[in-house]
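Note: the block below is input_14.txt and it holds compact mmCIF, C-alpha atoms and all ligand atoms.
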```txt
# COMPACT_ATOMS: atom_id res chain seq x y z
CA MET A 1 5.99 -7.92 -17.56
CA VAL A 2 2.72 -6.70 -16.18
CA ALA A 3 3.24 -2.94 -16.38
CA PRO A 4 1.45 -0.78 -17.17
CA PHE A 5 -1.42 -1.73 -14.93
CA GLU A 6 -4.45 0.18 -13.71
CA GLY A 7 -6.70 0.37 -10.74
CA GLY A 8 -9.14 2.53 -8.89
CA CYS A 9 -11.77 2.74 -6.20
CA ARG A 10 -14.97 0.75 -5.95
CA CYS A 11 -17.25 3.45 -7.34
CA GLY A 12 -14.97 4.44 -10.21
CA ALA A 13 -14.53 8.10 -9.20
CA VAL A 14 -10.76 7.73 -8.78
CA ARG A 15 -8.56 5.88 -11.27
CA TYR A 16 -4.80 5.44 -11.53
CA GLU A 17 -2.19 3.93 -13.78
CA VAL A 18 1.24 2.51 -12.94
CA SER A 19 3.81 2.39 -15.73
CA ALA A 20 6.51 0.29 -14.00
CA GLU A 21 6.79 -3.09 -12.34
CA PRO A 22 6.30 -3.04 -8.58
CA ILE A 23 9.50 -2.72 -6.53
CA ALA A 24 8.04 -4.97 -3.86
CA VAL A 25 4.78 -6.41 -2.62
CA MET A 26 4.55 -6.83 1.14
CA ASP A 27 1.86 -7.39 3.74
CA CYS A 28 2.10 -4.48 6.19
CA HIS A 29 0.88 -5.24 9.70
CA CYS A 30 1.46 -1.78 11.18
CA ARG A 31 -1.34 -0.44 13.34
CA ASP A 32 -2.08 2.25 10.81
CA CYS A 33 -2.63 -0.28 8.02
CA GLN A 34 -5.01 -2.13 10.31
CA TYR A 35 -7.15 1.00 10.46
CA ALA A 36 -6.83 1.55 6.72
CA SER A 37 -7.93 -1.98 5.90
CA GLY A 38 -10.33 -2.67 8.74
CA GLY A 39 -8.52 -5.98 9.09
CA SER A 40 -5.19 -7.49 10.05
CA HIS A 41 -2.99 -5.79 7.43
CA THR A 42 -2.87 -4.19 4.03
CA THR A 43 -1.04 -5.64 1.07
CA ALA A 44 1.29 -2.90 -0.11
CA VAL A 45 2.34 -2.69 -3.74
CA VAL A 46 5.44 -0.48 -3.73
CA VAL A 47 5.93 1.40 -6.99
CA PRO A 48 8.33 4.16 -8.08
CA ALA A 49 6.64 7.52 -7.50
CA ALA A 50 7.44 8.63 -11.04
CA ALA A 51 5.56 5.64 -12.44
CA PHE A 52 2.31 6.41 -10.64
CA LYS A 53 -0.27 8.62 -12.31
CA LEU A 54 -3.79 9.57 -11.28
CA THR A 55 -5.95 9.35 -14.39
CA LYS A 56 -9.37 10.27 -12.96
CA GLY A 57 -10.72 12.10 -9.94
CA THR A 58 -9.05 13.48 -6.84
CA PRO A 59 -8.84 11.32 -3.77
CA ARG A 60 -9.23 12.75 -0.32
CA ARG A 61 -6.01 12.78 1.71
CA PHE A 62 -5.36 12.25 5.40
CA SER A 63 -1.96 12.59 7.04
CA VAL A 64 -1.10 10.59 10.09
CA LYS A 65 2.03 9.69 12.01
CA GLY A 66 2.89 6.14 11.00
CA ASP A 67 4.52 3.45 13.12
CA SER A 68 7.81 4.63 11.65
CA GLY A 69 7.34 7.97 13.45
CA THR A 70 7.09 10.00 10.26
CA ASP A 71 4.01 11.43 8.59
CA VAL A 72 2.31 9.26 6.03
CA THR A 73 -0.36 10.60 3.73
CA ARG A 74 -3.13 8.19 2.90
CA ALA A 75 -5.44 8.73 -0.03
CA PHE A 76 -8.95 7.35 -0.30
CA CYS A 77 -12.10 7.90 -2.30
CA GLU A 78 -14.36 10.31 -0.47
CA THR A 79 -17.45 8.81 -2.08
CA CYS A 80 -16.99 5.07 -1.58
CA GLY A 81 -14.22 5.06 1.05
CA THR A 82 -11.84 2.74 -0.77
CA PRO A 83 -8.29 3.18 0.58
CA LEU A 84 -6.20 3.70 -2.56
CA PHE A 85 -2.58 4.48 -1.82
CA SER A 86 -0.21 6.15 0.57
CA GLU A 87 2.60 8.57 -0.04
CA PRO A 88 5.48 7.88 2.32
CA PRO A 89 7.88 10.73 3.10
CA GLY A 90 10.80 11.15 0.76
CA GLY A 91 8.82 11.13 -2.44
CA ALA A 92 10.65 8.17 -4.01
CA ILE A 93 7.85 5.63 -3.80
CA TRP A 94 4.12 5.36 -3.65
CA VAL A 95 2.38 2.48 -1.98
CA VAL A 96 -0.72 1.23 -3.73
CA LYS A 97 -3.26 -0.94 -1.97
CA ALA A 98 -3.23 -4.31 -3.71
CA GLY A 99 -7.00 -4.75 -3.61
CA THR A 100 -7.55 -1.65 -5.73
CA LEU A 101 -5.80 -3.05 -8.81
CA ASP A 102 -8.22 -3.94 -11.60
CA ASP A 103 -6.59 -7.37 -11.55
CA PRO A 104 -4.64 -8.06 -8.35
CA SER A 105 -4.34 -11.80 -9.07
CA TRP A 106 -0.79 -11.71 -10.48
CA LEU A 107 0.80 -10.13 -7.42
CA LYS A 108 3.43 -12.15 -5.57
CA VAL A 109 3.66 -11.22 -1.90
CA GLY A 110 7.26 -11.25 -0.72
CA GLY A 111 6.55 -11.32 2.99
CA ALA A 112 5.41 -9.29 5.97
CA ILE A 113 6.59 -6.01 7.49
CA TYR A 114 5.81 -4.41 10.86
CA VAL A 115 5.32 -7.89 12.26
CA LYS A 116 5.91 -6.38 15.74
CA SER A 117 2.51 -4.65 15.44
CA ALA A 118 0.70 -7.69 14.04
CA GLN A 119 -2.40 -8.94 15.79
CA PRO A 120 -2.14 -12.36 17.44
CA TRP A 121 -4.85 -13.59 15.07
CA ALA A 122 -3.16 -12.37 11.90
CA HIS A 123 -1.94 -15.01 9.48
CA ILE A 124 1.75 -14.58 8.63
CA ASP A 125 3.49 -17.02 6.31
CA PRO A 126 6.62 -18.21 8.18
CA ASN A 127 8.20 -19.33 4.90
CA LYS A 128 8.40 -15.79 3.55
CA LEU A 129 10.39 -12.71 4.54
CA MET A 130 9.50 -11.24 7.91
CA PHE A 131 10.56 -7.89 9.34
CA ASP A 132 9.73 -6.47 12.77
CA HIS A 133 9.56 -2.99 11.25
CA MET A 134 10.81 -1.86 7.86
CA PRO A 135 13.18 -3.93 5.79
CA PRO A 136 16.69 -2.46 6.17
CA GLY A 137 17.32 0.24 3.60
CA ALA A 138 13.70 0.53 2.52
CA PRO A 139 12.54 4.03 1.73
CA GLY A 140 9.52 3.94 4.04
CA VAL A 141 6.66 1.61 3.27
CA GLN A 142 3.45 2.15 5.15
ZN ZN B 201 -14.94 5.66 -5.08
ZN ZN B 202 1.50 -0.28 7.35
```
Rewritten as structure tokens:
Amino acid sequence: MVAPFEGGCRCGAVRYEVSAEPIAVMDCHCRDCQYASGGSHTTAVVVPAAAFKLTKGTPRRFSVKGDSGTDVTRAFCETCGTPLFSEPPGGAIWVVKAGTLDDPSWLKVGGAIYVKSAQPWAHIDPNKLMFDHMPPGAPGVQ
């Protein structure tokens, strides 16, 4: 058990708490996550929406059409720019950026999603799960 766990942005203006274990942890290689990370992917910590609580500050939000074709709202700190989480449509889950946890070291990455959009130079572990887009039945991870 690791829950509850906390995290926030680099400057400390925005803080959050998660009161449940992650549903999944996946590296997302969609084009949108490449922008959000400035790199090859983001590591998405999928948590139940009801378990996620902002405890300090108000992040800035930006909505964009994701690779899935639906709108995804991304939240980031307007002071330091840290990408914090995204709110996929449906409202069932929130996706927290792994690097914003106070201690991300315990996370176990299950595999990669949106591999179809991955850059040729991205590192993808062939021994883990791999999905071209979303895993079947997933509620919309971005
Ligand atoms: Zn900040
Ligand atoms: Zn993505």
Practice item. Counting all atoms listed in the file, name the residues that have an atom within 8 Å of an atom of ligand ZN 201 (chain B); the answer should be given as number ranges by chain. Key: A: 8-14, 76-82
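By all atoms listed in the file, and with residues fewer than 6 positions from Trp94 in chain A along its chain excluded, the set lying at most 9 Å from it is Val45, Val46, Val47, Pro48, Ala49, Ala50, Ala51, Phe52, Phe85, Ser86, Glu87, Pro88 and Val141 of chain A.
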Check your understanding: Smallest atom-to-atom distance to ligand ZN 202 (chain B): which of A:Val115, A:Val109, A:Val2, A:Ala24, using all atoms listed in the file?
Key ->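 Of all the options, A:Val115 lies closest to ligand ZN 202 (chain B).
CA of Ala92 in chain A is positioned 11.2 Å from CA of Ile23 in chain A.
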Check your understanding: Taking only C-alpha atoms and all ligand atoms into account, which of A:Phe131, A:Arg60, A:Leu101, A:Glu6 comes nearest ligand ZN 202 (chain B)?
Key -> A:Phe131
Exercise for review: Give the residues close to ligand ZN 202 (chain B), within 7 Å, counting all atoms listed in the file; write them as a ChimeraX atom specification.
Suggested key: /A:28-33,42,114,141-142
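Each of A:Lys56, A:Arg74, A:Lys65, A:Lys128 was compared to Ala112 in chain A using all atoms listed in the file, and A:Lys128 turns out to be the nearest.
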Point to revise | Given all atoms listed in the file as the counted atoms, nearest of A:Asp102, A:Pro89, A:Ala20, A:Asp132 to Lys116 in chain A | key: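 Once distances to Lys116 in chain A are computed over all atoms listed in the file, the minimum belongs to A:Asp132.
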Revision key, fill the gap. A straight line from CA of Ser19 in chain A to CA of Lys97 in chain A spans 15.8 Å
Might I get the box with edges along x, y and z of the file that holds all atoms of range 50-59 of chain A listed there, padded by 3 Å on every side, given as centre and edge lengths in Å to one decimal, as lines of an AutoDock Vina configuration file?
```
center_x = -1.6
center_y = 9.6
center_z = -9.1
size_x = 24.2
size_y = 13.8
size_z = 16.6
```
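Residues in contact with Trp121 in chain A at 8 Å, where only C-alpha atoms are counted and same-chain residues fewer than 2 positions away are skipped, are listed as Ser40, Gln119 and His123 of chain A.
Around Ala98 in chain A, within 7 Å and counting all atoms listed in the file, the residues found are Thr43, Ala44, Val45 and Pro104 of chain A, once anything fewer than 5 positions away on its own chain is removed.
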Go ahead and write the selection's residues with C-alpha atoms as a PDB file, in the coordinates of the input.
```pdb
ATOM      1  CA  THR A  43      -1.040  -5.640   1.070  1.00  0.00           C
ATOM      2  CA  ALA A  44       1.290  -2.900  -0.110  1.00  0.00           C
ATOM      3  CA  VAL A  45       2.340  -2.690  -3.740  1.00  0.00           C
ATOM      4  CA  PRO A 104      -4.640  -8.060  -8.350  1.00  0.00           C
TER       5      PRO A 104
END
```
Check your understanding: By how many Å are CA of Pro59 in chain A and CA of Val18 in chain A apart?
Key ->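 One can read the CA of Pro59 in chain A to CA of Val18 in chain A distance as 16.2 Å.
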With N, CA and C atoms as the target, complete range 80-101 of chain A and hand it back as a PDB file, in the frame of the given file.
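selection-v4.pdb was written with the following content:
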```
ATOM      1  N   CYS A  80     -16.773   6.477  -1.952  1.00  0.00           N
ATOM      2  CA  CYS A  80     -16.990   5.070  -1.580  1.00  0.00           C
ATOM      3  C   CYS A  80     -16.069   4.593  -0.465  1.00  0.00           C
ATOM      4  N   GLY A  81     -15.064   5.407  -0.094  1.00  0.00           N
ATOM      5  CA  GLY A  81     -14.220   5.060   1.050  1.00  0.00           C
ATOM      6  C   GLY A  81     -13.086   4.109   0.779  1.00  0.00           C
ATOM      7  N   THR A  82     -12.921   3.678  -0.460  1.00  0.00           N
ATOM      8  CA  THR A  82     -11.840   2.740  -0.770  1.00  0.00           C
ATOM      9  C   THR A  82     -10.474   3.359  -0.449  1.00  0.00           C
ATOM     10  N   PRO A  83      -9.662   2.705   0.389  1.00  0.00           N
ATOM     11  CA  PRO A  83      -8.290   3.180   0.580  1.00  0.00           C
ATOM     12  C   PRO A  83      -7.487   2.878  -0.673  1.00  0.00           C
ATOM     13  N   LEU A  84      -6.831   3.876  -1.249  1.00  0.00           N
ATOM     14  CA  LEU A  84      -6.200   3.700  -2.560  1.00  0.00           C
ATOM     15  C   LEU A  84      -4.686   3.568  -2.512  1.00  0.00           C
ATOM     16  N   PHE A  85      -4.044   4.506  -1.849  1.00  0.00           N
ATOM     17  CA  PHE A  85      -2.580   4.480  -1.820  1.00  0.00           C
ATOM     18  C   PHE A  85      -2.089   5.366  -0.695  1.00  0.00           C
ATOM     19  N   SER A  86      -0.815   5.228  -0.378  1.00  0.00           N
ATOM     20  CA  SER A  86      -0.210   6.150   0.570  1.00  0.00           C
ATOM     21  C   SER A  86       1.074   6.700  -0.024  1.00  0.00           C
ATOM     22  N   GLU A  87       1.414   7.879   0.433  1.00  0.00           N
ATOM     23  CA  GLU A  87       2.600   8.570  -0.040  1.00  0.00           C
ATOM     24  C   GLU A  87       3.563   8.700   1.133  1.00  0.00           C
ATOM     25  N   PRO A  88       4.515   7.789   1.227  1.00  0.00           N
ATOM     26  CA  PRO A  88       5.480   7.880   2.320  1.00  0.00           C
ATOM     27  C   PRO A  88       6.388   9.085   2.123  1.00  0.00           C
ATOM     28  N   PRO A  89       6.981   9.584   3.224  1.00  0.00           N
ATOM     29  CA  PRO A  89       7.880  10.730   3.100  1.00  0.00           C
ATOM     30  C   PRO A  89       9.076  10.386   2.222  1.00  0.00           C
ATOM     31  N   GLY A  90       9.631  11.387   1.606  1.00  0.00           N
ATOM     32  CA  GLY A  90      10.800  11.150   0.760  1.00  0.00           C
ATOM     33  C   GLY A  90      10.482  11.290  -0.713  1.00  0.00           C
ATOM     34  N   GLY A  91       9.261  10.901  -1.078  1.00  0.00           N
ATOM     35  CA  GLY A  91       8.820  11.130  -2.440  1.00  0.00           C
ATOM     36  C   GLY A  91       9.330  10.137  -3.473  1.00  0.00           C
ATOM     37  N   ALA A  92      10.070   9.107  -3.042  1.00  0.00           N
ATOM     38  CA  ALA A  92      10.650   8.170  -4.010  1.00  0.00           C
ATOM     39  C   ALA A  92       9.653   7.093  -4.430  1.00  0.00           C
ATOM     40  N   ILE A  93       8.781   6.726  -3.515  1.00  0.00           N
ATOM     41  CA  ILE A  93       7.850   5.630  -3.800  1.00  0.00           C
ATOM     42  C   ILE A  93       6.425   6.011  -3.444  1.00  0.00           C
ATOM     43  N   TRP A  94       5.493   5.328  -4.087  1.00  0.00           N
ATOM     44  CA  TRP A  94       4.120   5.360  -3.650  1.00  0.00           C
ATOM     45  C   TRP A  94       3.723   3.933  -3.331  1.00  0.00           C
ATOM     46  N   VAL A  95       2.802   3.805  -2.405  1.00  0.00           N
ATOM     47  CA  VAL A  95       2.380   2.480  -1.980  1.00  0.00           C
ATOM     48  C   VAL A  95       0.894   2.314  -2.309  1.00  0.00           C
ATOM     49  N   VAL A  96       0.640   1.438  -3.257  1.00  0.00           N
ATOM     50  CA  VAL A  96      -0.720   1.230  -3.730  1.00  0.00           C
ATOM     51  C   VAL A  96      -1.326   0.044  -2.995  1.00  0.00           C
ATOM     52  N   LYS A  97      -2.583   0.168  -2.633  1.00  0.00           N
ATOM     53  CA  LYS A  97      -3.260  -0.940  -1.970  1.00  0.00           C
ATOM     54  C   LYS A  97      -3.608  -2.022  -2.999  1.00  0.00           C
ATOM     55  N   ALA A  98      -3.125  -3.233  -2.739  1.00  0.00           N
ATOM     56  CA  ALA A  98      -3.230  -4.310  -3.710  1.00  0.00           C
ATOM     57  C   ALA A  98      -4.671  -4.546  -4.184  1.00  0.00           C
ATOM     58  N   GLY A  99      -5.611  -4.438  -3.276  1.00  0.00           N
ATOM     59  CA  GLY A  99      -7.000  -4.750  -3.610  1.00  0.00           C
ATOM     60  C   GLY A  99      -7.643  -3.769  -4.564  1.00  0.00           C
ATOM     61  N   THR A 100      -6.966  -2.645  -4.833  1.00  0.00           N
ATOM     62  CA  THR A 100      -7.550  -1.650  -5.730  1.00  0.00           C
ATOM     63  C   THR A 100      -7.093  -1.834  -7.178  1.00  0.00           C
ATOM     64  N   LEU A 101      -6.179  -2.778  -7.421  1.00  0.00           N
ATOM     65  CA  LEU A 101      -5.800  -3.050  -8.810  1.00  0.00           C
ATOM     66  C   LEU A 101      -7.009  -3.649  -9.550  1.00  0.00           C
TER      67      LEU A 101
END
```
